[in-house]
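Here's the structure, in structure tokens; my notes come after.
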Amino acid sequence: MTHISVNVDGTTYDDDVEPRLLLAHYLRDRLGLTGTPIGCDTSNCGACTVDLDGATAKSCSVLAVQADGCEVTTIQGLARDGEWTPLQRAFHERHGLQCGYCTPGMIMAARDLLRENPHPTSDEVRHALEGNLCRCTGYQNIVRAVLDAAGAEVSEEVTA
Ligand code: FES
Ligand code: FES
């Protein structure tokens with residue numbers, strides 16, 4: 001066992017973990033933060049994306065011990081006092097989901113994009129979300145949601 005101290009969504013956790021434990025499993029199974037789903041376990045789908053010290057990381061490809069001393073933000077740490085962020089609201093309003101499985105990872109990746117580039121084009125949104133797979137929506141509404149959150153004029157002709 002290895003001791004880690006990690007701040008997740010504003011709370012610091014001190015835990016002893018197996019060195020091989022994945023961060024995704026630590027978040028879900030140890031901390032009960034099941035808002036971060038595991039879609040593939042092979043770092044392909046992006047569903048498990050979290051913010052790790054200010055950059056996105058696929059939590060199924062990071063060991064919990066690598067998060068020692070880090071700040072992790074999950075989808076569950078975004079809303080404040082029950083209020084969604086504009087990006088979360090835009091996904092809701094633009095219906096950027098069907099089953100919702102990919103949504104936490106999409107939002108975490110889009111959040112990272114908007115921090116770096118507050119006014120992306122639709123091509124830039126697509127490029128930023130390349131590592132996040134959705135099996136349901138065809139991406140149009142996801143792209144619209146991100147552009148909406150960025151305050152862009154969103155043409156209804158945005159296509160996948
Ligand atoms: S579960 Fe991590 S990338 Fe798919
Ligand atoms: S909404 Fe189902 S995988 Fe994206």
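Identifiers in this document derive from the order of the structure tokens: chains are assigned A, B, ..., residues are numbered from 1 separately in each chain, and ligands are numbered from 1 in order of occurrence.
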
Tell me which protein, DNA and RNA residues are within 12 Å of Gly151 in chain A, counting only C-alpha atoms, leaving out same-chain ones fewer than 2 positions away, and put them as a CSV table (one decimal) with N, CA and C atoms, in the first residue's frame.
```
chain,number,residue,atom,x,y,z
A,86,PRO,N,-22.1,27.6,-17.0
A,86,PRO,CA,-22.7,27.9,-18.3
A,86,PRO,C,-22.5,26.7,-19.3
A,87,LEU,N,-21.4,26.0,-19.2
A,87,LEU,CA,-21.1,24.9,-20.1
A,87,LEU,C,-22.1,23.8,-19.8
A,90,ALA,N,-25.4,24.7,-21.1
A,90,ALA,CA,-25.5,24.7,-22.6
A,90,ALA,C,-25.6,23.2,-23.1
A,114,LEU,N,-12.1,25.9,-23.5
A,114,LEU,CA,-12.6,27.3,-23.3
A,114,LEU,C,-11.7,28.1,-22.4
A,118,PRO,N,-11.2,30.9,-25.4
A,118,PRO,CA,-12.6,31.2,-25.0
A,118,PRO,C,-13.6,31.4,-26.2
A,119,HIS,N,-13.0,31.6,-27.4
A,119,HIS,CA,-13.9,31.8,-28.5
A,119,HIS,C,-13.5,30.9,-29.7
A,120,PRO,N,-13.7,29.6,-29.5
A,120,PRO,CA,-13.2,28.7,-30.5
A,120,PRO,C,-14.2,28.6,-31.7
A,121,THR,N,-13.7,28.2,-32.8
A,121,THR,CA,-14.5,27.9,-34.0
A,121,THR,C,-15.0,26.5,-33.8
A,144,ARG,N,-22.6,22.4,-30.8
A,144,ARG,CA,-23.4,23.6,-30.6
A,144,ARG,C,-23.4,24.0,-29.1
A,145,ALA,N,-23.4,23.0,-28.2
A,145,ALA,CA,-23.4,23.4,-26.8
A,145,ALA,C,-22.1,24.1,-26.4
A,146,VAL,N,-21.0,23.6,-26.9
A,146,VAL,CA,-19.7,24.3,-26.6
A,146,VAL,C,-19.6,25.7,-27.1
A,147,LEU,N,-20.1,25.8,-28.4
A,147,LEU,CA,-20.1,27.2,-29.0
A,147,LEU,C,-21.1,28.1,-28.3
A,148,ASP,N,-22.2,27.6,-27.9
A,148,ASP,CA,-23.1,28.4,-27.1
A,148,ASP,C,-22.5,28.9,-25.8
A,149,ALA,N,-21.8,28.0,-25.1
A,149,ALA,CA,-21.2,28.3,-23.8
A,149,ALA,C,-20.1,29.4,-24.1
A,153,GLU,N,-22.2,32.9,-32.0
A,153,GLU,CA,-23.4,32.8,-32.8
A,153,GLU,C,-23.4,31.3,-33.3
A,154,VAL,N,-24.4,30.6,-33.0
A,154,VAL,CA,-24.4,29.2,-33.4
A,154,VAL,C,-25.3,29.0,-34.6
```

### Shell of 8 Å around ligand 1 (only C-alpha atoms and all ligand atoms), written as a list in words
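Every residue with an atom at most 8 Å from ligand 1 is listed here: Ala24, Pro37, Ile38, Gly39, Cys40, Asp41, Thr42, Ser43, Asn44, Cys45, Gly46, Ala47, Cys48, Thr49, Lys58, Ser59, Cys60, Ser61 and Asn132 of chain A.
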
Write the selection just made, keeping N, CA, C and O atoms, as a tab-separated table (two decimals), in the first residue's frame?
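Result written to again_14.tsv:
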```
chain	number	residue	atom	x	y	z
A	24	ALA	N	-9.24	6.43	-11.94
A	24	ALA	CA	-10.68	6.29	-12.23
A	24	ALA	C	-11.34	5.39	-11.19
A	24	ALA	O	-12.44	5.68	-10.69
A	37	PRO	N	-17.51	8.38	-15.37
A	37	PRO	CA	-17.72	7.00	-15.82
A	37	PRO	C	-16.48	6.38	-16.46
A	37	PRO	O	-15.57	7.09	-16.87
A	38	ILE	N	-16.48	5.09	-16.53
A	38	ILE	CA	-15.44	4.36	-17.26
A	38	ILE	C	-16.11	3.73	-18.47
A	38	ILE	O	-16.99	2.89	-18.34
A	39	GLY	N	-15.69	4.20	-19.67
A	39	GLY	CA	-16.33	3.70	-20.87
A	39	GLY	C	-15.56	2.60	-21.54
A	39	GLY	O	-16.13	1.73	-22.18
A	40	CYS	N	-14.23	2.64	-21.45
A	40	CYS	CA	-13.45	1.68	-22.23
A	40	CYS	C	-12.29	1.07	-21.43
A	40	CYS	O	-11.88	-0.04	-21.70
A	41	ASP	N	-11.77	1.83	-20.48
A	41	ASP	CA	-10.65	1.34	-19.66
A	41	ASP	C	-9.36	1.21	-20.46
A	41	ASP	O	-8.41	0.61	-20.00
A	42	THR	N	-9.35	1.73	-21.68
A	42	THR	CA	-8.15	1.61	-22.52
A	42	THR	C	-7.71	2.97	-23.05
A	42	THR	O	-7.02	3.05	-24.06
A	43	SER	N	-8.15	4.04	-22.43
A	43	SER	CA	-7.81	5.43	-22.76
A	43	SER	C	-8.23	5.85	-24.16
A	43	SER	O	-7.62	6.72	-24.76
A	44	ASN	N	-9.28	5.23	-24.67
A	44	ASN	CA	-9.77	5.60	-26.00
A	44	ASN	C	-10.98	6.52	-26.01
A	44	ASN	O	-11.14	7.32	-26.91
A	45	CYS	N	-11.86	6.38	-25.02
A	45	CYS	CA	-13.18	7.03	-25.16
A	45	CYS	C	-13.28	8.40	-24.51
A	45	CYS	O	-14.14	9.19	-24.87
A	46	GLY	N	-12.46	8.68	-23.52
A	46	GLY	CA	-12.49	9.99	-22.87
A	46	GLY	C	-13.58	10.18	-21.84
A	46	GLY	O	-13.67	11.24	-21.22
A	47	ALA	N	-14.41	9.17	-21.62
A	47	ALA	CA	-15.52	9.32	-20.66
A	47	ALA	C	-15.03	9.65	-19.25
A	47	ALA	O	-15.69	10.33	-18.48
A	48	CYS	N	-13.83	9.16	-18.93
A	48	CYS	CA	-13.30	9.27	-17.57
A	48	CYS	C	-12.47	10.54	-17.36
A	48	CYS	O	-11.76	10.64	-16.35
A	49	THR	N	-12.55	11.49	-18.30
A	49	THR	CA	-11.68	12.68	-18.24
A	49	THR	C	-11.95	13.52	-16.99
A	49	THR	O	-13.11	13.82	-16.66
A	58	LYS	N	-7.12	11.52	-18.76
A	58	LYS	CA	-8.03	10.38	-18.77
A	58	LYS	C	-7.71	9.56	-17.52
A	58	LYS	O	-6.63	8.97	-17.43
A	59	SER	N	-8.64	9.55	-16.59
A	59	SER	CA	-8.31	9.00	-15.27
A	59	SER	C	-8.14	7.48	-15.30
A	59	SER	O	-7.66	6.91	-14.32
A	60	CYS	N	-8.50	6.84	-16.43
A	60	CYS	CA	-8.24	5.41	-16.53
A	60	CYS	C	-6.80	5.14	-16.98
A	60	CYS	O	-6.39	3.98	-17.06
A	61	SER	N	-6.08	6.21	-17.30
A	61	SER	CA	-4.70	6.01	-17.73
A	61	SER	C	-3.72	6.65	-16.75
A	61	SER	O	-2.55	6.84	-17.07
A	132	ASN	N	-12.58	12.32	-27.30
A	132	ASN	CA	-13.79	11.95	-26.55
A	132	ASN	C	-14.81	11.37	-27.52
A	132	ASN	O	-15.26	12.06	-28.45
```

### Query
Which residues come within 6 Å of Glu71 in chain A, counting only C-alpha atoms, excluding same-chain residues fewer than 6 positions away, as a PyMOL selection string?
chain A and resi 7-8+52-53

Selection file, N, CA and C atoms, as a PDB file, in the first residue's frame:
```
ATOM      1  N   ASN A   7      -6.444  16.181  -3.324  1.00  0.00           N
ATOM      2  CA  ASN A   7      -7.608  17.048  -3.160  1.00  0.00           C
ATOM      3  C   ASN A   7      -8.547  16.806  -4.341  1.00  0.00           C
ATOM      4  N   VAL A   8      -9.740  16.350  -4.042  1.00  0.00           N
ATOM      5  CA  VAL A   8     -10.708  16.059  -5.106  1.00  0.00           C
ATOM      6  C   VAL A   8     -11.944  16.929  -4.888  1.00  0.00           C
ATOM      7  N   LEU A  52      -6.652  17.387 -13.829  1.00  0.00           N
ATOM      8  CA  LEU A  52      -5.584  17.006 -12.896  1.00  0.00           C
ATOM      9  C   LEU A  52      -4.572  18.141 -12.880  1.00  0.00           C
ATOM     10  N   ASP A  53      -4.600  18.897 -11.794  1.00  0.00           N
ATOM     11  CA  ASP A  53      -3.699  20.056 -11.662  1.00  0.00           C
ATOM     12  C   ASP A  53      -3.759  20.988 -12.873  1.00  0.00           C
TER      13      ASP A  53
END
```

### Query
So which one's closest to Cys136 in chain A, A:Glu124, A:Ile107, A:Gly100, A:Leu21? Using only C-alpha atoms, please.
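Among A:Glu124, A:Ile107, A:Gly100, A:Leu21, it is A:Gly100 that comes nearest to Cys136 in chain A.
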
Set out as JSON lines a contact list for chain A and ligand 2 with a cut-off of 9 Å, giving each residue of chain A that qualifies its closest atom pair and distance in Å to one decimal, counting only C-alpha atoms and all ligand atoms, ordered by chain and rising residue number.
```
{"residue": "A:Gly39", "atom": "CA", "partner": "ligand 2", "partner_atom_place_in_ligand_line": "3 (S)", "distance": 8.7}
{"residue": "A:Ala47", "atom": "CA", "partner": "ligand 2", "partner_atom_place_in_ligand_line": "3 (S)", "distance": 8.4}
{"residue": "A:Gly96", "atom": "CA", "partner": "ligand 2", "partner_atom_place_in_ligand_line": "1 (S)", "distance": 7.1}
{"residue": "A:Leu97", "atom": "CA", "partner": "ligand 2", "partner_atom_place_in_ligand_line": "1 (S)", "distance": 3.9}
{"residue": "A:Gln98", "atom": "CA", "partner": "ligand 2", "partner_atom_place_in_ligand_line": "1 (S)", "distance": 4.0}
{"residue": "A:Cys99", "atom": "CA", "partner": "ligand 2", "partner_atom_place_in_ligand_line": "2 (Fe)", "distance": 3.8}
{"residue": "A:Gly100", "atom": "CA", "partner": "ligand 2", "partner_atom_place_in_ligand_line": "1 (S)", "distance": 4.1}
{"residue": "A:Tyr101", "atom": "CA", "partner": "ligand 2", "partner_atom_place_in_ligand_line": "3 (S)", "distance": 4.8}
{"residue": "A:Cys102", "atom": "CA", "partner": "ligand 2", "partner_atom_place_in_ligand_line": "4 (Fe)", "distance": 4.3}
{"residue": "A:Thr103", "atom": "CA", "partner": "ligand 2", "partner_atom_place_in_ligand_line": "4 (Fe)", "distance": 6.0}
{"residue": "A:Met106", "atom": "CA", "partner": "ligand 2", "partner_atom_place_in_ligand_line": "4 (Fe)", "distance": 8.4}
{"residue": "A:Asn132", "atom": "CA", "partner": "ligand 2", "partner_atom_place_in_ligand_line": "4 (Fe)", "distance": 8.9}
{"residue": "A:Leu133", "atom": "CA", "partner": "ligand 2", "partner_atom_place_in_ligand_line": "3 (S)", "distance": 6.8}
{"residue": "A:Cys134", "atom": "CA", "partner": "ligand 2", "partner_atom_place_in_ligand_line": "4 (Fe)", "distance": 3.6}
{"residue": "A:Arg135", "atom": "CA", "partner": "ligand 2", "partner_atom_place_in_ligand_line": "3 (S)", "distance": 4.2}
{"residue": "A:Cys136", "atom": "CA", "partner": "ligand 2", "partner_atom_place_in_ligand_line": "2 (Fe)", "distance": 4.4}
{"residue": "A:Thr137", "atom": "CA", "partner": "ligand 2", "partner_atom_place_in_ligand_line": "1 (S)", "distance": 5.7}
{"residue": "A:Gly138", "atom": "CA", "partner": "ligand 2", "partner_atom_place_in_ligand_line": "4 (Fe)", "distance": 8.4}
{"residue": "A:Tyr139", "atom": "CA", "partner": "ligand 2", "partner_atom_place_in_ligand_line": "4 (Fe)", "distance": 8.2}
{"residue": "A:Ile142", "atom": "CA", "partner": "ligand 2", "partner_atom_place_in_ligand_line": "4 (Fe)", "distance": 8.9}
```

N, CA, C and O atoms of the current selection, written as a PDB file, in the first residue's frame:
```pdb
ATOM      1  N   GLY A  39     -15.689   4.197 -19.665  1.00  0.00           N
ATOM      2  CA  GLY A  39     -16.330   3.704 -20.872  1.00  0.00           C
ATOM      3  C   GLY A  39     -15.557   2.595 -21.545  1.00  0.00           C
ATOM      4  O   GLY A  39     -16.133   1.727 -22.184  1.00  0.00           O
ATOM      5  N   ALA A  47     -14.413   9.166 -21.616  1.00  0.00           N
ATOM      6  CA  ALA A  47     -15.522   9.323 -20.660  1.00  0.00           C
ATOM      7  C   ALA A  47     -15.026   9.646 -19.253  1.00  0.00           C
ATOM      8  O   ALA A  47     -15.695  10.332 -18.485  1.00  0.00           O
ATOM      9  N   GLY A  96     -27.052  18.114 -25.715  1.00  0.00           N
ATOM     10  CA  GLY A  96     -25.795  17.549 -26.203  1.00  0.00           C
ATOM     11  C   GLY A  96     -25.540  16.154 -25.668  1.00  0.00           C
ATOM     12  O   GLY A  96     -24.399  15.821 -25.353  1.00  0.00           O
ATOM     13  N   LEU A  97     -26.578  15.394 -25.561  1.00  0.00           N
ATOM     14  CA  LEU A  97     -26.404  14.028 -25.034  1.00  0.00           C
ATOM     15  C   LEU A  97     -27.638  13.198 -25.350  1.00  0.00           C
ATOM     16  O   LEU A  97     -28.707  13.718 -25.593  1.00  0.00           O
ATOM     17  N   GLN A  98     -27.417  11.900 -25.361  1.00  0.00           N
ATOM     18  CA  GLN A  98     -28.562  10.991 -25.347  1.00  0.00           C
ATOM     19  C   GLN A  98     -28.428  10.104 -24.121  1.00  0.00           C
ATOM     20  O   GLN A  98     -29.086  10.300 -23.125  1.00  0.00           O
ATOM     21  N   CYS A  99     -27.505   9.148 -24.173  1.00  0.00           N
ATOM     22  CA  CYS A  99     -27.377   8.301 -22.973  1.00  0.00           C
ATOM     23  C   CYS A  99     -26.624   9.035 -21.860  1.00  0.00           C
ATOM     24  O   CYS A  99     -26.769   8.703 -20.687  1.00  0.00           O
ATOM     25  N   GLY A 100     -25.830  10.034 -22.230  1.00  0.00           N
ATOM     26  CA  GLY A 100     -25.133  10.821 -21.220  1.00  0.00           C
ATOM     27  C   GLY A 100     -23.824  10.220 -20.734  1.00  0.00           C
ATOM     28  O   GLY A 100     -23.134  10.833 -19.920  1.00  0.00           O
ATOM     29  N   TYR A 101     -23.480   9.065 -21.237  1.00  0.00           N
ATOM     30  CA  TYR A 101     -22.287   8.394 -20.718  1.00  0.00           C
ATOM     31  C   TYR A 101     -21.013   9.186 -20.993  1.00  0.00           C
ATOM     32  O   TYR A 101     -20.129   9.279 -20.153  1.00  0.00           O
ATOM     33  N   CYS A 102     -20.955   9.770 -22.172  1.00  0.00           N
ATOM     34  CA  CYS A 102     -19.749  10.515 -22.550  1.00  0.00           C
ATOM     35  C   CYS A 102     -19.736  11.927 -21.994  1.00  0.00           C
ATOM     36  O   CYS A 102     -18.717  12.617 -22.069  1.00  0.00           O
ATOM     37  N   THR A 103     -20.887  12.390 -21.491  1.00  0.00           N
ATOM     38  CA  THR A 103     -21.057  13.811 -21.190  1.00  0.00           C
ATOM     39  C   THR A 103     -20.059  14.371 -20.170  1.00  0.00           C
ATOM     40  O   THR A 103     -19.497  15.457 -20.393  1.00  0.00           O
ATOM     41  N   MET A 106     -16.863  14.916 -22.005  1.00  0.00           N
ATOM     42  CA  MET A 106     -17.010  15.982 -23.001  1.00  0.00           C
ATOM     43  C   MET A 106     -16.941  17.337 -22.317  1.00  0.00           C
ATOM     44  O   MET A 106     -16.285  18.268 -22.809  1.00  0.00           O
ATOM     45  N   ASN A 132     -12.585  12.322 -27.298  1.00  0.00           N
ATOM     46  CA  ASN A 132     -13.789  11.952 -26.554  1.00  0.00           C
ATOM     47  C   ASN A 132     -14.814  11.374 -27.522  1.00  0.00           C
ATOM     48  O   ASN A 132     -15.256  12.057 -28.446  1.00  0.00           O
ATOM     49  N   LEU A 133     -15.176  10.146 -27.306  1.00  0.00           N
ATOM     50  CA  LEU A 133     -16.102   9.471 -28.217  1.00  0.00           C
ATOM     51  C   LEU A 133     -17.524   9.469 -27.662  1.00  0.00           C
ATOM     52  O   LEU A 133     -17.736   9.261 -26.476  1.00  0.00           O
ATOM     53  N   CYS A 134     -18.463   9.744 -28.564  1.00  0.00           N
ATOM     54  CA  CYS A 134     -19.880   9.631 -28.216  1.00  0.00           C
ATOM     55  C   CYS A 134     -20.489   8.625 -29.179  1.00  0.00           C
ATOM     56  O   CYS A 134     -20.301   8.732 -30.385  1.00  0.00           O
ATOM     57  N   ARG A 135     -21.225   7.702 -28.636  1.00  0.00           N
ATOM     58  CA  ARG A 135     -21.832   6.676 -29.488  1.00  0.00           C
ATOM     59  C   ARG A 135     -23.258   7.044 -29.885  1.00  0.00           C
ATOM     60  O   ARG A 135     -23.914   6.283 -30.579  1.00  0.00           O
ATOM     61  N   CYS A 136     -23.736   8.181 -29.414  1.00  0.00           N
ATOM     62  CA  CYS A 136     -25.174   8.450 -29.530  1.00  0.00           C
ATOM     63  C   CYS A 136     -25.567   9.632 -30.390  1.00  0.00           C
ATOM     64  O   CYS A 136     -26.571   9.574 -31.086  1.00  0.00           O
ATOM     65  N   THR A 137     -24.853  10.771 -30.286  1.00  0.00           N
ATOM     66  CA  THR A 137     -25.474  12.013 -30.737  1.00  0.00           C
ATOM     67  C   THR A 137     -25.023  12.489 -32.098  1.00  0.00           C
ATOM     68  O   THR A 137     -25.611  13.426 -32.630  1.00  0.00           O
ATOM     69  N   GLY A 138     -23.963  11.944 -32.636  1.00  0.00           N
ATOM     70  CA  GLY A 138     -23.487  12.479 -33.908  1.00  0.00           C
ATOM     71  C   GLY A 138     -22.738  13.786 -33.733  1.00  0.00           C
ATOM     72  O   GLY A 138     -22.386  14.414 -34.708  1.00  0.00           O
ATOM     73  N   TYR A 139     -22.542  14.231 -32.535  1.00  0.00           N
ATOM     74  CA  TYR A 139     -21.672  15.365 -32.177  1.00  0.00           C
ATOM     75  C   TYR A 139     -22.237  16.760 -32.464  1.00  0.00           C
ATOM     76  O   TYR A 139     -21.760  17.732 -31.880  1.00  0.00           O
ATOM     77  N   ILE A 142     -23.364  18.518 -29.398  1.00  0.00           N
ATOM     78  CA  ILE A 142     -22.241  18.724 -28.482  1.00  0.00           C
ATOM     79  C   ILE A 142     -21.450  19.958 -28.933  1.00  0.00           C
ATOM     80  O   ILE A 142     -21.115  20.838 -28.128  1.00  0.00           O
TER      81      ILE A 142
END
```

### Task
Please provide as a list in words all residues within 7 Å of range 73-75 of chain A, with the sequence filter that same-chain residues fewer than 2 positions apart are discarded (counting only C-alpha atoms).
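The contact residues come out as Val8, Asp9, Gly35, Thr36, Val50, Asp51, Leu52, Glu71, Gly77, Leu78, Pro104 and Met108 of chain A.
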
### Task
Kindly give the distance, in Å, that separates CA of His3 in chain A and CA of Leu33 in chain A, rounded to a single decimal.
19.7 Å

#### Entry: helix (DSSP H, G or I) positions in chain A, given as a ChimeraX atom specification
/A:23-30,59-61,64-67,75-77,86-93,103-116,122-128,140-149

### Message
Counting only C-alpha atoms, which residue out of A:Arg111, A:Asp123, A:Val72, A:Thr2 sits closest to Leu27 in chain A?
### Response
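Ranking A:Arg111, A:Asp123, A:Val72, A:Thr2 by distance to Leu27 in chain A, first place goes to A:Val72.
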
### Query
Of the candidates A:Leu63, A:Asp68, A:Gly54, A:Glu93, which shows the shortest atom-to-atom distance to Ala109 in chain A, using only C-alpha atoms?
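Result for the nearest residue to Ala109 in chain A: A:Gly54.
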
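Going from CA of Glu116 in chain A to CA of Thr34 in chain A covers 27.2 Å.
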
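Between CA of Val125 in chain A and CA of Arg94 in chain A lies a distance of 15.1 Å.
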
### strand (DSSP E or B) per DSSP on the backbone: members of range 2-82 of chain A, as a list in words
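For range 2-82 of chain A, the strand (DSSP E or B) set is Thr2, His3, Ile4, Ser5, Val6, Asn7, Val8, Thr11, Thr12, Tyr13, Asp14, Asp15, Asp16, Val17, Leu22, Thr49, Val50, Asp51, Leu52, Ala55, Thr56, Ala57, Lys58, Leu63, Glu71, Val72, Thr73 and Arg80 of chain A.
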
Include N, CA and C atoms and write out the residues we just selected as a compact mmCIF listing (two decimals), in the first residue's frame.
```
# COMPACT_ATOMS: atom_id res chain seq x y z
N THR A 2 0.37 2.27 -0.66
CA THR A 2 1.09 3.55 -0.71
C THR A 2 0.16 4.64 -0.21
N HIS A 3 0.71 5.53 0.58
CA HIS A 3 -0.13 6.60 1.12
C HIS A 3 -0.22 7.75 0.11
N ILE A 4 -1.42 8.23 -0.11
CA ILE A 4 -1.59 9.41 -0.98
C ILE A 4 -2.45 10.45 -0.26
N SER A 5 -2.21 11.68 -0.65
CA SER A 5 -3.05 12.78 -0.18
C SER A 5 -3.45 13.55 -1.43
N VAL A 6 -4.72 13.58 -1.71
CA VAL A 6 -5.17 14.18 -2.96
C VAL A 6 -6.42 15.02 -2.69
N ASN A 7 -6.44 16.18 -3.32
CA ASN A 7 -7.61 17.05 -3.16
C ASN A 7 -8.55 16.81 -4.34
N VAL A 8 -9.74 16.35 -4.04
CA VAL A 8 -10.71 16.06 -5.11
C VAL A 8 -11.94 16.93 -4.89
N THR A 11 -12.06 18.74 -1.57
CA THR A 11 -11.89 18.01 -0.30
C THR A 11 -10.60 17.21 -0.36
N THR A 12 -9.81 17.27 0.70
CA THR A 12 -8.55 16.52 0.71
C THR A 12 -8.79 15.13 1.31
N TYR A 13 -8.31 14.12 0.62
CA TYR A 13 -8.44 12.74 1.07
C TYR A 13 -7.05 12.17 1.32
N ASP A 14 -6.89 11.55 2.46
CA ASP A 14 -5.66 10.82 2.79
C ASP A 14 -6.01 9.35 2.79
N ASP A 15 -5.32 8.59 1.94
CA ASP A 15 -5.70 7.19 1.77
C ASP A 15 -4.47 6.34 1.53
N ASP A 16 -4.61 5.07 1.87
CA ASP A 16 -3.60 4.08 1.47
C ASP A 16 -4.18 3.30 0.31
N VAL A 17 -3.43 3.26 -0.78
CA VAL A 17 -3.94 2.60 -1.99
C VAL A 17 -2.91 1.62 -2.54
N LEU A 22 -6.00 2.40 -10.42
CA LEU A 22 -6.19 3.51 -11.36
C LEU A 22 -6.95 4.65 -10.69
N THR A 49 -12.55 11.49 -18.30
CA THR A 49 -11.68 12.68 -18.24
C THR A 49 -11.95 13.52 -16.99
N VAL A 50 -10.89 13.88 -16.32
CA VAL A 50 -10.96 14.79 -15.17
C VAL A 50 -9.90 15.88 -15.37
N ASP A 51 -9.95 16.87 -14.51
CA ASP A 51 -8.91 17.90 -14.49
C ASP A 51 -7.90 17.50 -13.42
N LEU A 52 -6.65 17.39 -13.83
CA LEU A 52 -5.58 17.01 -12.90
C LEU A 52 -4.57 18.14 -12.88
N ALA A 55 -4.93 20.48 -16.00
CA ALA A 55 -4.94 19.94 -17.37
C ALA A 55 -5.82 18.70 -17.39
N THR A 56 -6.42 18.42 -18.54
CA THR A 56 -7.28 17.24 -18.58
C THR A 56 -6.43 15.97 -18.58
N ALA A 57 -6.99 14.94 -17.97
CA ALA A 57 -6.33 13.64 -17.96
C ALA A 57 -7.41 12.58 -18.02
N LYS A 58 -7.12 11.52 -18.76
CA LYS A 58 -8.03 10.38 -18.77
C LYS A 58 -7.71 9.56 -17.52
N LEU A 63 -2.44 6.46 -12.59
CA LEU A 63 -2.52 5.74 -11.33
C LEU A 63 -2.92 6.70 -10.21
N GLU A 71 -4.39 18.33 -7.30
CA GLU A 71 -5.80 18.73 -7.22
C GLU A 71 -6.52 18.12 -8.40
N VAL A 72 -7.58 17.39 -8.08
CA VAL A 72 -8.38 16.76 -9.12
C VAL A 72 -9.76 17.41 -9.10
N THR A 73 -10.25 17.77 -10.27
CA THR A 73 -11.63 18.25 -10.37
C THR A 73 -12.39 17.28 -11.26
N ARG A 80 -21.72 25.02 -8.49
CA ARG A 80 -21.53 25.72 -7.21
C ARG A 80 -22.91 25.98 -6.61
```
